[in-house]
Structure formats: C-alpha cells, structure tokens
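Participant: Contents of data.txt (compact mmCIF, C-alpha atoms and all ligand atoms) are below:
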```txt
# COMPACT_ATOMS: atom_id res chain seq x y z
CA MET V 1 -50.94 -47.63 -49.95
CA PHE V 2 -47.28 -46.71 -50.47
CA ALA V 3 -43.86 -48.28 -49.93
CA ASP V 4 -40.29 -47.03 -49.47
CA LEU V 5 -38.00 -49.79 -50.71
CA HIS V 6 -34.56 -48.22 -50.17
CA LEU V 7 -33.50 -47.61 -46.58
CA HIS V 8 -30.27 -47.93 -44.59
CA SER V 9 -29.82 -48.65 -40.88
CA ARG V 10 -26.81 -48.52 -38.58
CA PHE V 11 -25.92 -52.03 -39.74
CA SER V 12 -24.37 -50.21 -42.73
CA ASP V 13 -24.03 -46.45 -43.11
CA GLY V 14 -27.41 -45.31 -41.78
CA THR V 15 -27.78 -43.75 -38.33
CA TRP V 16 -31.02 -45.37 -37.15
CA GLN V 17 -31.56 -48.73 -35.53
CA PRO V 18 -33.89 -50.99 -37.55
CA GLU V 19 -36.53 -50.43 -34.84
CA GLU V 20 -36.35 -46.65 -35.34
CA LEU V 21 -36.79 -47.14 -39.09
CA ALA V 22 -39.92 -49.19 -38.45
CA GLN V 23 -41.30 -46.43 -36.21
CA GLN V 24 -40.53 -43.80 -38.84
CA ALA V 25 -42.24 -45.94 -41.49
CA ARG V 26 -45.33 -46.10 -39.30
CA LYS V 27 -45.18 -42.35 -38.64
CA HIS V 28 -45.08 -41.66 -42.39
CA GLY V 29 -48.00 -43.99 -43.01
CA LEU V 30 -46.04 -46.41 -45.18
CA ALA V 31 -47.69 -49.76 -45.88
CA ALA V 32 -44.39 -51.52 -46.61
CA ILE V 33 -40.65 -50.92 -46.34
CA SER V 34 -37.47 -52.76 -47.15
CA LEU V 35 -34.13 -52.48 -45.36
CA THR V 36 -31.35 -52.36 -47.97
CA ASP V 37 -28.10 -52.01 -46.04
CA HIS V 38 -24.88 -52.14 -48.10
CA ASP V 39 -23.53 -55.71 -48.35
CA THR V 40 -25.34 -57.02 -45.27
CA VAL V 41 -28.70 -58.40 -44.13
CA GLU V 42 -27.85 -58.26 -40.42
CA GLY V 43 -30.48 -55.65 -39.62
CA CYS V 44 -33.34 -57.53 -41.29
CA PRO V 45 -34.49 -59.77 -38.40
CA ALA V 46 -34.85 -56.79 -36.02
CA ALA V 47 -36.55 -54.68 -38.71
CA ALA V 48 -38.98 -57.51 -39.51
CA LYS V 49 -39.90 -57.93 -35.86
CA ALA V 50 -40.39 -54.21 -35.26
CA CYS V 51 -42.41 -53.80 -38.46
CA GLU V 52 -44.66 -56.70 -37.55
CA ALA V 53 -45.44 -55.15 -34.18
CA LEU V 54 -46.35 -51.86 -35.87
CA GLY V 55 -48.42 -53.31 -38.73
CA VAL V 56 -45.93 -52.34 -41.46
CA GLU V 57 -45.08 -54.98 -44.05
CA PHE V 58 -41.36 -55.77 -44.16
CA ILE V 59 -39.55 -56.91 -47.29
CA PRO V 60 -36.08 -58.38 -46.58
CA GLY V 61 -33.42 -56.69 -48.68
CA THR V 62 -29.83 -55.62 -49.21
CA GLU V 63 -27.82 -53.40 -51.58
CA LEU V 64 -24.88 -55.21 -53.12
CA THR V 65 -21.87 -53.32 -54.47
CA ALA V 66 -20.97 -54.66 -57.90
CA GLU V 67 -19.21 -53.68 -61.07
CA GLN V 68 -20.03 -53.80 -64.74
CA ARG V 69 -17.46 -52.73 -67.34
CA GLY V 70 -15.57 -50.61 -64.83
CA ASN V 71 -18.68 -48.86 -63.52
CA GLU V 72 -19.68 -49.27 -59.87
CA ILE V 73 -23.25 -50.55 -59.89
CA HIS V 74 -25.42 -51.02 -56.81
CA ILE V 75 -27.82 -53.93 -57.03
CA LEU V 76 -30.77 -54.08 -54.69
CA ALA V 77 -32.05 -57.49 -53.64
CA TYR V 78 -35.56 -58.06 -52.37
CA CYS V 79 -37.54 -60.96 -50.88
CA LEU V 80 -34.37 -63.02 -50.54
CA ASP V 81 -33.74 -65.80 -48.02
CA ILE V 82 -31.52 -63.98 -45.52
CA GLN V 83 -30.31 -67.29 -44.11
CA ASP V 84 -29.09 -68.67 -47.42
CA ALA V 85 -25.62 -70.14 -46.73
CA ARG V 86 -24.00 -69.01 -49.97
CA LEU V 87 -25.38 -65.49 -49.60
CA LEU V 88 -24.05 -65.23 -46.06
CA SER V 89 -20.61 -66.58 -46.93
CA GLU V 90 -20.27 -64.19 -49.91
CA MET V 91 -21.38 -61.30 -47.73
CA ARG V 92 -18.80 -62.17 -45.08
CA LYS V 93 -16.15 -61.88 -47.80
CA PHE V 94 -17.36 -58.45 -48.84
CA GLN V 95 -17.58 -57.33 -45.23
CA SER V 96 -13.96 -58.31 -44.67
CA VAL V 97 -13.01 -56.44 -47.87
CA ARG V 98 -14.75 -53.37 -46.41
CA GLN V 99 -12.94 -53.70 -43.07
CA ASN V 100 -9.53 -53.99 -44.77
CA ARG V 101 -10.39 -51.03 -46.95
CA VAL V 102 -11.09 -48.87 -43.89
CA ARG V 103 -7.59 -49.74 -42.60
CA GLU V 104 -6.12 -48.74 -45.95
CA ILE V 105 -8.01 -45.45 -46.04
CA VAL V 106 -6.83 -44.66 -42.51
CA ALA V 107 -3.23 -45.55 -43.46
CA ARG V 108 -3.44 -43.08 -46.34
CA LEU V 109 -4.87 -40.42 -44.04
CA ASN V 110 -2.01 -41.01 -41.62
CA GLU V 111 0.46 -40.56 -44.49
CA LEU V 112 -1.25 -37.21 -45.07
CA ARG V 113 -0.61 -36.43 -41.39
CA VAL V 114 -4.25 -36.80 -40.45
CA PRO V 115 -4.02 -38.65 -37.12
CA LEU V 116 -7.10 -40.87 -37.31
CA LYS V 117 -7.08 -44.39 -35.84
CA ALA V 118 -8.79 -47.32 -37.59
CA GLU V 119 -10.11 -48.42 -34.18
CA ALA V 120 -11.95 -45.10 -33.85
CA VAL V 121 -13.73 -45.80 -37.16
CA PHE V 122 -14.61 -49.36 -36.19
CA ALA V 123 -15.89 -48.27 -32.77
CA LEU V 124 -18.09 -45.64 -34.36
CA ALA V 125 -19.30 -47.92 -37.17
CA ASN V 126 -19.96 -50.84 -34.80
CA CYS V 127 -21.06 -52.97 -37.77
CA GLN V 128 -19.68 -55.58 -40.15
CA ALA V 129 -19.96 -53.46 -43.30
CA PRO V 130 -18.13 -50.19 -42.56
CA GLY V 131 -17.57 -47.70 -45.37
CA ARG V 132 -16.40 -44.22 -46.25
CA PRO V 133 -19.32 -42.53 -44.44
CA HIS V 134 -18.04 -44.01 -41.18
CA VAL V 135 -14.55 -42.70 -41.87
CA ALA V 136 -16.10 -39.29 -42.60
CA ARG V 137 -18.04 -39.34 -39.33
CA ALA V 138 -14.93 -40.37 -37.39
CA LEU V 139 -12.99 -37.49 -38.97
CA VAL V 140 -15.70 -35.04 -37.90
CA GLN V 141 -15.96 -36.56 -34.42
CA ALA V 142 -12.19 -36.22 -33.92
CA GLY V 143 -12.35 -32.58 -35.03
CA LEU V 144 -10.17 -33.34 -38.07
CA CYS V 145 -12.85 -32.21 -40.54
CA GLY V 146 -15.62 -29.67 -40.14
CA SER V 147 -18.31 -31.68 -41.91
CA LEU V 148 -19.02 -34.96 -43.70
CA ASP V 149 -18.99 -33.13 -47.02
CA GLU V 150 -15.58 -31.68 -46.25
CA ALA V 151 -14.27 -35.17 -45.41
CA PHE V 152 -15.47 -36.52 -48.78
CA GLU V 153 -14.30 -33.46 -50.72
CA ARG V 154 -10.84 -33.34 -49.19
CA PHE V 155 -10.02 -37.00 -48.74
CA LEU V 156 -12.56 -39.69 -49.53
CA LYS V 157 -14.09 -39.03 -52.94
CA LYS V 158 -12.76 -40.73 -56.05
CA ASN V 159 -9.55 -39.00 -57.18
CA ARG V 160 -8.95 -37.59 -53.68
CA PRO V 161 -5.81 -38.63 -51.77
CA ALA V 162 -7.36 -41.13 -49.34
CA PHE V 163 -9.71 -42.77 -51.84
CA VAL V 164 -9.31 -46.52 -51.92
CA PRO V 165 -11.27 -48.52 -54.48
CA LYS V 166 -13.30 -51.44 -53.26
CA PHE V 167 -13.04 -54.95 -54.66
CA LYS V 168 -16.40 -55.64 -56.28
CA MET V 169 -18.11 -58.70 -57.67
CA SER V 170 -19.42 -58.52 -61.22
CA ALA V 171 -23.01 -57.45 -61.71
CA ALA V 172 -23.74 -60.87 -63.24
CA ASP V 173 -22.37 -62.65 -60.14
CA ALA V 174 -24.41 -60.38 -57.86
CA ILE V 175 -27.59 -61.13 -59.81
CA ALA V 176 -26.85 -64.88 -59.75
CA LEU V 177 -26.22 -64.75 -55.98
CA ILE V 178 -29.51 -62.93 -55.38
CA HIS V 179 -31.41 -65.44 -57.53
CA HIS V 180 -29.71 -68.30 -55.72
CA ALA V 181 -31.09 -66.89 -52.46
CA GLY V 182 -34.56 -66.77 -54.00
CA GLY V 183 -34.52 -62.98 -54.37
CA VAL V 184 -35.29 -60.39 -57.00
CA ALA V 185 -32.42 -58.27 -58.42
CA VAL V 186 -32.96 -54.57 -59.08
CA MET V 187 -30.51 -51.99 -60.45
CA ALA V 188 -30.28 -49.17 -57.86
CA HIS V 189 -30.42 -45.45 -58.71
CA PRO V 190 -29.38 -45.79 -62.39
CA GLY V 191 -29.61 -42.00 -62.72
CA LEU V 192 -26.63 -41.60 -60.38
CA ASN V 193 -24.39 -43.78 -62.51
CA ARG V 194 -25.61 -42.51 -65.86
CA SER V 195 -24.33 -45.70 -67.43
CA ASP V 196 -27.35 -46.86 -69.36
CA GLU V 197 -25.12 -48.81 -71.75
CA VAL V 198 -24.62 -51.51 -69.09
CA ILE V 199 -28.35 -52.19 -68.76
CA PRO V 200 -28.83 -54.62 -71.71
CA SER V 201 -26.07 -56.96 -70.48
CA MET V 202 -27.50 -56.86 -66.97
CA VAL V 203 -30.91 -57.74 -68.37
CA GLU V 204 -29.24 -60.65 -70.14
CA ALA V 205 -27.73 -61.70 -66.80
CA GLY V 206 -31.25 -61.87 -65.36
CA LEU V 207 -31.87 -58.41 -63.91
CA ASP V 208 -35.48 -58.29 -62.69
CA GLY V 209 -36.08 -54.61 -62.08
CA ILE V 210 -34.87 -51.03 -62.06
CA GLU V 211 -35.18 -48.33 -59.40
CA CYS V 212 -36.99 -45.60 -61.31
CA PHE V 213 -37.91 -43.49 -58.30
CA HIS V 214 -35.09 -42.24 -56.10
CA THR V 215 -34.28 -39.10 -54.11
CA LYS V 216 -31.66 -38.06 -56.64
CA HIS V 217 -33.83 -38.74 -59.73
CA SER V 218 -35.65 -35.78 -61.24
CA THR V 219 -39.09 -36.32 -62.74
CA VAL V 220 -37.43 -36.42 -66.17
CA THR V 221 -34.93 -39.07 -64.99
CA ALA V 222 -37.70 -41.17 -63.44
CA GLU V 223 -39.66 -40.98 -66.68
CA HIS V 224 -36.57 -42.00 -68.66
CA TYR V 225 -36.10 -45.13 -66.54
CA LEU V 226 -39.81 -45.95 -66.62
CA GLN V 227 -39.44 -46.10 -70.40
CA ILE V 228 -36.37 -48.35 -70.05
CA ALA V 229 -38.32 -50.58 -67.65
CA ASP V 230 -41.05 -50.81 -70.23
CA ARG V 231 -38.63 -51.56 -73.07
CA PHE V 232 -36.82 -54.34 -71.19
CA ARG V 233 -39.91 -55.57 -69.30
CA LEU V 234 -38.33 -54.78 -65.94
CA LEU V 235 -40.13 -54.37 -62.63
CA VAL V 236 -40.31 -50.81 -61.31
CA THR V 237 -39.14 -49.95 -57.79
CA GLY V 238 -38.32 -46.85 -55.80
CA GLY V 239 -37.25 -45.53 -52.45
CA SER V 240 -35.73 -42.63 -50.59
CA ASP V 241 -32.25 -44.14 -49.89
CA CYS V 242 -32.66 -42.68 -46.40
CA HIS V 243 -29.53 -42.91 -44.23
CA GLY V 244 -31.27 -41.65 -41.06
CA ILE V 245 -30.17 -38.24 -39.85
CA SER V 246 -26.67 -38.44 -41.33
CA LYS V 247 -27.48 -36.15 -44.23
CA GLY V 248 -29.73 -33.49 -42.72
CA VAL V 249 -33.48 -34.06 -42.84
CA PRO V 250 -34.39 -37.77 -42.87
CA LEU V 251 -35.49 -38.83 -46.33
CA ILE V 252 -37.77 -41.73 -45.39
CA GLY V 253 -41.18 -41.37 -47.00
CA THR V 254 -40.10 -38.58 -49.38
CA VAL V 255 -39.91 -41.08 -52.24
CA LYS V 256 -42.62 -43.71 -52.13
CA ILE V 257 -44.13 -46.01 -54.69
CA PRO V 258 -47.66 -47.37 -55.04
CA TYR V 259 -48.08 -50.76 -53.36
CA GLN V 260 -48.89 -52.45 -56.67
CA HIS V 261 -45.14 -52.45 -57.46
CA VAL V 262 -44.48 -54.36 -54.21
CA LYS V 263 -47.10 -56.88 -55.21
CA LYS V 264 -45.39 -57.47 -58.55
CA LEU V 265 -42.03 -57.78 -56.82
CA LYS V 266 -43.40 -60.44 -54.48
CA GLU V 267 -44.99 -62.33 -57.39
CA ARG V 268 -41.63 -62.39 -59.18
CA ALA V 269 -39.93 -63.66 -56.00
CA GLU V 270 -42.51 -66.41 -55.66
CA LYS V 271 -41.84 -67.44 -59.24
CA ARG V 272 -38.09 -67.46 -58.57
CA ASN V 273 -38.59 -69.53 -55.43
CA ALA V 274 -40.70 -72.05 -57.30
CA GLU V 275 -37.88 -72.32 -59.86
CA THR V 276 -35.09 -72.71 -57.27
CA ARG V 277 -37.09 -75.24 -55.29
CA ASN V 278 -37.79 -77.27 -58.42
CA PRO V 279 -36.02 -80.62 -57.76
CA LYS V 280 -34.77 -80.64 -61.35
CA SER V 281 -32.73 -77.50 -60.77
CA GLU V 282 -29.48 -77.29 -58.81
CA ALA V 283 -29.97 -77.83 -55.06
CA ARG V 284 -29.62 -74.74 -52.91
CA THR V 285 -26.70 -74.80 -50.54
P1 LIG V 301 -18.59 -46.86 -49.68
O1 LIG V 301 -19.59 -47.95 -49.89
O2 LIG V 301 -17.75 -47.08 -48.50
O3 LIG V 301 -17.77 -46.57 -50.93
O4 LIG V 301 -19.41 -45.53 -49.37
C1 LIG V 301 -20.43 -45.14 -50.24
C2 LIG V 301 -21.46 -44.37 -49.46
O5 LIG V 301 -20.91 -43.11 -49.12
C3 LIG V 301 -22.71 -44.04 -50.28
O6 LIG V 301 -23.68 -45.03 -50.13
C4 LIG V 301 -23.16 -42.75 -49.65
O7 LIG V 301 -23.98 -43.07 -48.54
C5 LIG V 301 -21.89 -42.11 -49.14
N1 LIG V 301 -21.32 -41.04 -49.98
C6 LIG V 301 -20.75 -41.16 -51.19
N2 LIG V 301 -20.31 -39.96 -51.65
C7 LIG V 301 -20.61 -39.06 -50.69
C8 LIG V 301 -20.40 -37.64 -50.55
N3 LIG V 301 -19.78 -36.91 -51.51
N4 LIG V 301 -20.86 -37.05 -49.41
C9 LIG V 301 -21.46 -37.77 -48.46
N5 LIG V 301 -21.68 -39.10 -48.52
C10 LIG V 301 -21.26 -39.74 -49.63
FE FE V 302 -24.93 -45.51 -48.35
FE FE V 303 -26.50 -47.02 -53.55
ZN ZN V 304 -28.51 -47.02 -50.73
```
How does this structure look as structure tokens?

Facilitator:
Amino acid sequence: MFADLHLHSRFSDGTWQPEELAQQARKHGLAAISLTDHDTVEGCPAAAKACEALGVEFIPGTELTAEQRGNEIHILAYCLDIQDARLLSEMRKFQSVRQNRVREIVARLNELRVPLKAEAVFALANCQAPGRPHVARALVQAGLCGSLDEAFERFLKKNRPAFVPKFKMSAADAIALIHHAGGVAVMAHPGLNRSDEVIPSMVEAGLDGIECFHTKHSTVTAEHYLQIADRFRLLVTGGSDCHGISKGVPLIGTVKIPYQHVKKLKERAEKRNAETRNPKSEART
C-alpha cells in the first residue's frame, strides 16, 4: 500500500479538479492521497468526497508559504481541521496577498510593454490563491510568451523584471497555526531550498516531519533527509508535487511512500488533537 502526499489541484496552481485527482489516484493504485494546494484548503471537501466514492483514503492538507531567516520555506499541513476559524481567516489574508501580488506583477509587465490584463489572469486562475504559474499560463494563452518556462525565465523568476516577492508568515507562525488546527506540520521539499541550517529552529518551533521523498530529490538527497529525520526524530513523508498536466507528464504516483508513514502521521495528528482538546489548554477558536 502506497500514498502520494503532495498534490495540487486547480484550487491553486494545479490543472486538475479534485475529482480528477481522485480518479488518477485510483488509476495509479494509491491507497491514500493528500491534496496540498498552496495557501488554501478549498479543494479538500470535493477531493474527500471523490476519494471516498473510489475507495481511496483522503488526508486533508495544504502547503503554506512561509519564511525562515530570509529563506522561503513551504510547510505542508496534514490531518488538519479544514473548518478551523483561525486557519480560514489566516488563509483569507494570504489569499488576498496573492491576489494583490498578481496585480503588481501585471503592472510590472505592463511597464515592460507586455499588454497582459490582471482580469485575464484571474479568469484563468478562477481560484482564491492565484500565483506566478497562473500569470505564466495567461502570458502563454495571450501569445505573449511561447512557453511557461519562457515566462518564468524572462519575467517571473526571482531577479527577473516582473518578480514580486510575496509577504510570508514566519515558519514558526505557520507551524503554530497548523497545530492550532489540529494538524501535523511537515517541511516540504527541503532539497529544493538547500537551507538545512533552518531545520533545528523549525524543530524547536514544533516541526513534526520532513518530506524526504519528492520528485526533485535524488536518491542521495532522500537519504540525506532520512538521516536528518532520524537525527531530529521527525516523521517521514513524500509525494510527487503533481500539478496536473501543467508541466508535461503528470507526476502523480511517480513518488509514493509506504502506507506505514501515513499511519504514523495520523497517530501524531491524533496526539495533537488530544492535546488541543484538553480542557486545560487554550480553547480553539
Ligand atoms: P508562487 O507561489 O506564486 O510564487 O509560485 C510558485 C509556484 O510556481 C511553484 O509552486 C511552482 O509550481 C511554480 N514555479 C516556480 N518556478 C517555476 C519555473 N521556473 N518554471 C515553472 N514553474 C515554476
Ligand atoms: Fe506549485
Ligand atoms: Fe512547494
Ligand atoms: Zn507543492
């Protein structure tokens, strides 16, 4: 039994509906999946329903954008209460930050005489958490760039003329928010950031796990983070980070982890829930 715990739907920058993801999970014989859209849990109810109908276990999730000592860190959340009021109100803030950022990126493009309209990006994104991939797709759709890669290379990447940084919460705040919602906090694709020096302070802030297996991790990188997981007693997770068909061949199922890791994740979440529901601790709002 295997699981893919890192997937995006069209509620962030993936191309598939949650229902299509569930069907793909079934097709690839996955026992469990999680939907980890950037800064939103909107797709989770539909994914849960579709997974249930197909006999695939669904783990609610999200991927929060955070920052630690100037490094952008993505923090995956699993088994969280997707109706938690504080979680939802924080997410609304980050969604509005993302929407304003799209307007700023488009304004920069316009200054560069690239005639893209923010409305075209929003119409294409059709979600609360739009990002650079949507701007890239809109540029391609309008014939202003030949490919998504070209859009990132010419305009959207860091140090390119239309790059706009995103306001980010601290990693410690993200971890606290996830715990507040009864979830488990996992550092996403650490091999992409190559900022291992931030790990100890995140562990101190309550980090529960680390994503050892990821599409962009080599076997050597995965082994390196398995050792770190061992050293800091962190849970091990993994997933394909599939964005649907936006980047060529769909990645779902290409990175999958044995189900025993999901079991440990759920046990940790149960422990967290028992702690948060303890009447002696702060009431959840
Ligand atoms: P954002 O959250 O708006 O900053 O966008 C980040 C997302 O853009 C990542 O999750 C990737 O899906 C995508 N991305 C980042 N860099 C590139 C790139 N060079 N080419 C294509 N997609 C990229
Ligand atoms: Fe993404
Ligand atoms: Fe990420
Ligand atoms: Zn991701």

Participant: Please measure the separation of atom CA of Phe94 of chain V and atom CA of Arg154 of chain V, giving the value in Å to one decimal.

Facilitator: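 For atom CA of Phe94 of chain V relative to atom CA of Arg154 of chain V, the distance reads 25.9 Å.
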
Participant: Around ligand LIG 301 (chain V), out to 10 Å and counting all atoms listed in the file, which residues are there? I want them as a VMD selection string.

Facilitator: chain V and resid 8 12 to 14 37 to 39 63 to 65 72 74 98 to 99 101 to 102 129 to 137 147 to 154 156 to 158 163 to 166 241 to 243 246 to 247

Participant: For atom CA of Leu144 of chain V and atom CA of Leu192 of chain V, quote the distance in Å rounded to one decimal.

Facilitator: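 That distance, rounded to one decimal, is 28.9 Å.
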
Participant: What's the separation between atom CA of Leu80 of chain V and atom CA of Pro258 of chain V, in Å to one decimal place?

Facilitator: 21.0 Å

Participant: Kindly indicate which residue among V:Glu104, V:Glu20, V:Glu197, V:Asp81 lies nearest to Gly61 of chain V, using all atoms listed in the file for the distances.

Facilitator: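 Using all atoms listed in the file, the shortest distance to Gly61 of chain V belongs to V:Asp81.
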
Participant: Quick one: residues within 10 Å of His28 of chain V, only C-alpha atoms counted, chain neighbours fewer than 2 positions away excluded, as a tab-separated table (two decimals) with C-alpha atoms, in the frame of the given file?

Facilitator:
```tsv
chain	number	residue	atom	x	y	z
V	2	PHE	CA	-47.28	-46.71	-50.47
V	22	ALA	CA	-39.92	-49.19	-38.45
V	23	GLN	CA	-41.30	-46.43	-36.21
V	24	GLN	CA	-40.53	-43.80	-38.84
V	25	ALA	CA	-42.24	-45.94	-41.49
V	26	ARG	CA	-45.33	-46.10	-39.30
V	30	LEU	CA	-46.04	-46.41	-45.18
V	31	ALA	CA	-47.69	-49.76	-45.88
V	252	ILE	CA	-37.77	-41.73	-45.39
V	253	GLY	CA	-41.18	-41.37	-47.00
V	254	THR	CA	-40.10	-38.58	-49.38
```
